[in-house]
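Trainee: I'm passing along structure-v4.cif; it holds mmCIF, C-alpha atoms.
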```cif
data_work
loop_
_atom_site.group_PDB
_atom_site.id
_atom_site.type_symbol
_atom_site.label_atom_id
_atom_site.label_comp_id
_atom_site.auth_asym_id
_atom_site.auth_seq_id
_atom_site.Cartn_x
_atom_site.Cartn_y
_atom_site.Cartn_z
ATOM 1 C CA MET A 108 84.719 19.793 86.529
ATOM 2 C CA THR A 109 87.523 22.358 86.480
ATOM 3 C CA LYS A 110 87.182 22.807 82.701
ATOM 4 C CA LEU A 111 83.425 23.346 83.074
ATOM 5 C CA PHE A 112 84.000 25.945 85.805
ATOM 6 C CA GLU A 113 86.562 27.675 83.585
ATOM 7 C CA ILE A 114 83.993 27.926 80.783
ATOM 8 C CA ILE A 115 81.161 29.091 83.048
ATOM 9 C CA SER A 116 83.369 31.819 84.546
ATOM 10 C CA ARG A 117 83.796 33.558 81.182
ATOM 11 C CA PRO A 118 81.717 36.766 81.053
ATOM 12 C CA LYS A 119 80.290 35.947 77.618
ATOM 13 C CA VAL A 120 79.070 32.601 78.940
ATOM 14 C CA PHE A 121 77.509 33.785 82.202
ATOM 15 C CA ILE A 122 75.933 36.799 80.481
ATOM 16 C CA GLY A 123 74.520 34.339 77.939
ATOM 17 C CA PHE A 124 73.102 32.309 80.828
ATOM 18 C CA PHE A 125 71.504 35.481 82.205
ATOM 19 C CA ILE A 126 69.879 36.287 78.861
ATOM 20 C CA LEU A 127 68.619 32.724 78.450
ATOM 21 C CA SER A 128 67.253 32.564 82.003
ATOM 22 C CA THR A 129 65.449 35.854 81.433
ATOM 23 C CA ILE A 130 63.889 34.606 78.195
ATOM 24 C CA ILE A 131 62.853 31.332 79.849
ATOM 25 C CA SER A 132 61.318 33.171 82.814
ATOM 26 C CA TYR A 133 59.035 35.020 80.398
ATOM 27 C CA CYS A 134 57.791 31.643 79.102
ATOM 28 C CA PHE A 135 56.408 30.458 82.445
ATOM 29 C CA PRO A 136 53.185 32.528 82.290
ATOM 30 C CA TYR A 137 52.495 30.983 78.883
ATOM 31 C CA ALA A 138 53.106 27.528 80.339
ATOM 32 C CA GLU A 139 50.628 28.298 83.114
ATOM 33 C CA ALA A 140 48.066 29.354 80.500
ATOM 34 C CA VAL A 141 48.602 26.129 78.561
ATOM 35 C CA VAL A 142 48.372 24.026 81.723
ATOM 36 C CA GLY A 143 45.320 25.960 82.871
ATOM 37 C CA GLY A 144 46.562 27.305 86.176
ATOM 38 C CA ALA A 145 49.517 27.547 88.507
ATOM 39 C CA LEU A 146 52.416 25.167 88.020
ATOM 40 C CA LEU A 147 53.366 22.866 90.884
ATOM 41 C CA ASP A 148 56.624 24.784 91.271
ATOM 42 C CA LEU A 149 54.722 27.575 92.967
ATOM 43 C CA SER A 150 53.534 25.240 95.739
ATOM 44 C CA MET A 151 55.874 25.542 98.698
ATOM 45 C CA ASN A 152 54.880 22.236 100.294
ATOM 46 C CA GLY A 153 53.504 18.826 99.463
ATOM 47 C CA GLU A 154 50.007 19.526 100.731
ATOM 48 C CA SER A 155 49.386 22.550 98.510
ATOM 49 C CA ALA A 156 51.013 20.772 95.557
ATOM 50 C CA LEU A 157 48.709 17.786 96.071
ATOM 51 C CA THR A 158 45.697 20.112 96.169
ATOM 52 C CA ARG A 159 46.788 21.681 92.855
ATOM 53 C CA LEU A 160 47.523 18.261 91.352
ATOM 54 C CA ASN A 161 44.029 17.018 92.220
ATOM 55 C CA GLU A 162 42.519 20.019 90.414
ATOM 56 C CA MET A 163 44.151 19.035 87.113
ATOM 57 C CA SER A 164 42.753 16.855 84.359
ATOM 58 C CA GLN A 165 44.974 14.222 82.767
ATOM 59 C CA THR A 166 45.462 16.513 79.756
ATOM 60 C CA GLN A 167 46.613 19.325 82.061
ATOM 61 C CA LYS A 168 48.977 16.936 83.845
ATOM 62 C CA ASN A 169 50.497 15.858 80.523
ATOM 63 C CA LYS A 170 50.993 19.478 79.479
ATOM 64 C CA HIS A 171 52.531 20.235 82.880
ATOM 65 C CA ILE A 172 54.992 17.372 82.441
ATOM 66 C CA TRP A 173 56.175 18.881 79.147
ATOM 67 C CA ALA A 174 56.410 22.365 80.662
ATOM 68 C CA THR A 175 58.530 20.955 83.474
ATOM 69 C CA LEU A 176 60.765 18.924 81.176
ATOM 70 C CA VAL A 177 61.350 21.772 78.732
ATOM 71 C CA LEU A 178 61.251 24.990 80.733
ATOM 72 C CA ASP A 179 61.953 23.952 84.282
ATOM 73 C CA ILE A 180 65.055 22.003 83.466
ATOM 74 C CA ALA A 181 66.536 24.723 81.278
ATOM 75 C CA TYR A 182 65.690 27.498 83.756
ATOM 76 C CA PRO A 183 67.663 26.268 86.788
ATOM 77 C CA LEU A 184 70.569 25.274 84.536
ATOM 78 C CA THR A 185 70.816 28.784 83.103
ATOM 79 C CA LEU A 186 70.069 30.645 86.348
ATOM 80 C CA SER A 187 72.522 28.569 88.378
ATOM 81 C CA GLY A 188 75.048 28.851 85.555
ATOM 82 C CA PHE A 189 74.707 32.626 85.664
ATOM 83 C CA MET A 190 75.190 32.896 89.428
ATOM 84 C CA ALA A 191 77.948 30.266 89.526
ATOM 85 C CA GLY A 192 79.675 32.026 86.622
ATOM 86 C CA ILE A 193 79.736 35.338 88.468
ATOM 87 C CA THR A 194 81.010 33.636 91.613
ATOM 88 C CA LEU A 195 83.745 31.825 89.701
ATOM 89 C CA HIS A 196 84.745 34.895 87.681
ATOM 90 C CA TYR A 197 85.090 37.150 90.726
ATOM 91 C CA ARG A 198 86.194 34.506 93.250
ATOM 92 C CA ASN A 199 89.611 36.124 93.627
ATOM 93 C CA ARG A 200 87.892 38.925 95.567
ATOM 94 C CA LEU A 201 87.340 36.356 98.298
ATOM 95 C CA PRO A 202 89.760 34.479 100.525
ATOM 96 C CA GLN A 203 90.862 31.178 98.954
ATOM 97 C CA SER A 204 89.144 29.270 101.767
ATOM 98 C CA LEU A 205 85.741 30.670 100.700
ATOM 99 C CA HIS A 206 85.893 29.865 96.974
ATOM 100 C CA LYS A 207 84.099 26.514 97.162
ATOM 101 C CA ILE A 208 81.738 27.582 99.938
ATOM 102 C CA MET A 209 80.563 30.609 97.953
ATOM 103 C CA LEU A 210 79.911 28.432 94.896
ATOM 104 C CA ALA A 211 77.896 25.862 96.858
ATOM 105 C CA PRO A 212 74.528 27.728 96.998
ATOM 106 C CA ALA A 213 74.236 27.965 93.200
ATOM 107 C CA LEU A 214 75.089 24.279 92.805
ATOM 108 C CA ILE A 215 72.795 23.156 95.646
ATOM 109 C CA ALA A 216 69.950 25.265 94.207
ATOM 110 C CA LEU A 217 70.426 23.557 90.835
ATOM 111 C CA ILE A 218 70.398 20.087 92.383
ATOM 112 C CA MET A 219 67.341 20.859 94.536
ATOM 113 C CA ASP A 220 65.445 22.303 91.566
ATOM 114 C CA LEU A 221 66.199 19.302 89.377
ATOM 115 C CA CYS A 222 65.166 16.947 92.202
ATOM 116 C CA GLU A 223 61.967 18.942 92.681
ATOM 117 C CA ASN A 224 61.282 18.670 88.941
ATOM 118 C CA ALA A 225 61.748 14.895 89.076
ATOM 119 C CA VAL A 226 59.327 14.675 92.009
ATOM 120 C CA GLN A 227 56.773 16.773 90.136
ATOM 121 C CA VAL A 228 57.025 14.766 86.912
ATOM 122 C CA LEU A 229 56.636 11.532 88.875
ATOM 123 C CA ALA A 230 53.660 12.992 90.783
ATOM 124 C CA LEU A 231 52.050 14.138 87.544
ATOM 125 C CA SER A 232 52.589 10.587 86.242
ATOM 126 C CA GLY A 233 50.668 8.980 89.087
ATOM 127 C CA HIS A 234 53.001 8.977 92.078
ATOM 128 C CA ALA A 235 51.362 11.791 94.031
ATOM 129 C CA GLY A 236 52.743 10.554 97.359
ATOM 130 C CA LEU A 237 56.161 11.888 96.389
ATOM 131 C CA LEU A 238 54.889 15.469 96.579
ATOM 132 C CA SER A 239 55.568 15.468 100.323
ATOM 133 C CA LEU A 240 59.258 15.853 99.364
ATOM 134 C CA LYS A 241 58.436 19.375 98.137
ATOM 135 C CA THR A 242 58.124 20.414 101.784
ATOM 136 C CA ILE A 243 61.918 20.073 101.991
ATOM 137 C CA LEU A 244 63.051 20.565 98.390
ATOM 138 C CA THR A 245 61.160 23.742 97.471
ATOM 139 C CA PRO A 246 62.106 25.950 100.461
ATOM 140 C CA LEU A 247 65.705 24.712 100.231
ATOM 141 C CA LYS A 248 65.770 25.457 96.496
ATOM 142 C CA PHE A 249 64.464 28.992 96.950
ATOM 143 C CA SER A 250 66.781 29.635 99.919
ATOM 144 C CA MET A 251 69.832 28.511 97.980
ATOM 145 C CA PHE A 252 68.849 30.553 94.913
ATOM 146 C CA ALA A 253 68.423 33.603 97.164
ATOM 147 C CA LEU A 254 71.787 33.037 98.834
ATOM 148 C CA ALA A 255 73.505 32.485 95.461
ATOM 149 C CA ALA A 256 71.921 35.715 94.196
ATOM 150 C CA LEU A 257 73.170 37.644 97.256
ATOM 151 C CA ILE A 258 76.684 36.291 96.721
ATOM 152 C CA ALA A 259 76.579 37.254 93.029
ATOM 153 C CA ILE A 260 75.273 40.756 93.861
ATOM 154 C CA PHE A 261 77.977 41.208 96.503
ATOM 155 C CA LEU A 262 80.713 40.163 94.061
ATOM 156 C CA LEU A 263 79.348 42.372 91.276
ATOM 157 C CA PHE A 264 79.096 45.308 93.662
ATOM 158 C CA SER A 265 82.660 44.681 94.829
ATOM 159 C CA ALA A 266 83.861 44.621 91.210
ATOM 160 C CA LEU A 267 81.985 47.861 90.493
ATOM 161 C CA ILE A 268 83.603 49.616 93.458
ATOM 162 C CA THR A 269 87.052 48.426 92.362
ATOM 163 C CA TRP A 270 86.391 49.635 88.805
ATOM 164 C CA MET A 271 85.157 53.037 90.035
ATOM 165 C CA ARG A 272 88.235 53.484 92.261
ATOM 166 C CA ALA A 273 90.530 52.591 89.367
ATOM 167 C CA ARG A 274 88.794 55.130 87.116
ATOM 168 C CA LYS A 275 89.036 57.800 89.794
ATOM 169 C CA LYS A 276 92.800 57.206 90.108
ATOM 170 C CA GLN A 277 93.193 57.590 86.323
ATOM 171 C CA HIS A 278 91.632 61.050 86.326
#
```
What's the structure tokens form of this structure?
Mentor:
Amino acid sequence: MTKLFEIISRPKVFIGFFILSTIISYCFPYAEAVVGGALLDLSMNGESALTRLNEMSQTQKNKHIWATLVLDIAYPLTLSGFMAGITLHYRNRLPQSLHKIMLAPALIALIMDLCENAVQVLALSGHAGLLSLKTILTPLKFSMFALAALIAIFLLFSALITWMRARKKQH
């Protein structure tokens, strides 16, 4: 895992993750058009997801499965990779005791998103009862992504301030 973290922390890698996550995010409206409406990811709980699921034809469900397997697996991998990469790259701005804690939200968000995707694919394949898990998974996923984003913004802002102070001292 250490080697993976070393790779992710390289600026070229986490900037690449940012670019890829941005490109993928622009694909979601097209996926919604192909599916014929909102994706299950936008449902914050099992009840609303079940309502949306019941509105879909089998063809729409099959298209949704492919959208989930292609886009919504790549998206959390790249977005979490971006935020984890920033956290790992700038972790020395934090006390040693906080390094792992500050990385946790990006990793938890990734795990929750992938679990949510599995639940959705299974629901779209005929196991609709599993959608009740979205009531826990989806809010937790969004909360962890938000927290990971705040950590990344804080670390980037801290790096910017340090850079500006160093430039000021040079002049």
Trainee: Calculated over only C-alpha atoms, which of the candidates A:Ser155, A:Ser164, A:Thr129, A:Ser150 has the smallest distance to Pro246 of chain A?
Mentor: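 Answer, going by the shortest atom-to-atom distance: A:Ser150.
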Trainee: Might you pull out every residue within 9 Å of segment 254-260 of chain A, with all atoms listed in the file counted and same-chain residues fewer than 2 positions away left off, and present them as a list in words?
Mentor: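 Residues near the query, excluding close chain neighbours: Ser187, Phe189, Met190, Ala191, Gly192, Ile193, Thr194, Tyr197, Met209, Leu210, Ala211, Pro212, Ala213, Leu214, Ala216, Phe249, Ser250, Met251, Phe252, Leu262, Leu263, Phe264 and Ser265 of chain A.
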Trainee: One number please: atom CA of Ile115 of chain A to atom CA of Leu178 of chain A, in Å, one decimal.
Mentor: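 Atom CA of Ile115 of chain A sits 20.5 Å away from atom CA of Leu178 of chain A.
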Trainee: Identify which of the residues A:Thr245, A:Ser116, A:Ser128, A:Thr269 lies closest to His196 of chain A, counting all atoms listed in the file when measuring atom-to-atom distances.
Mentor: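 Selected residue with least distance to His196 of chain A: A:Ser116.
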Trainee: Go through A:Ile180, A:Val120, A:Ala156, A:Met151 one by one, measure the shortest atom-to-atom distance of each to Asn224 of chain A using all atoms listed in the file, and give the residue with the smallest value.
Mentor: A:Ile180
Trainee: To one decimal place in Å, what is the distance between atom CA of Ile215 of chain A and atom CA of Gly144 of chain A?
Mentor: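 It comes out at 28.2 Å.
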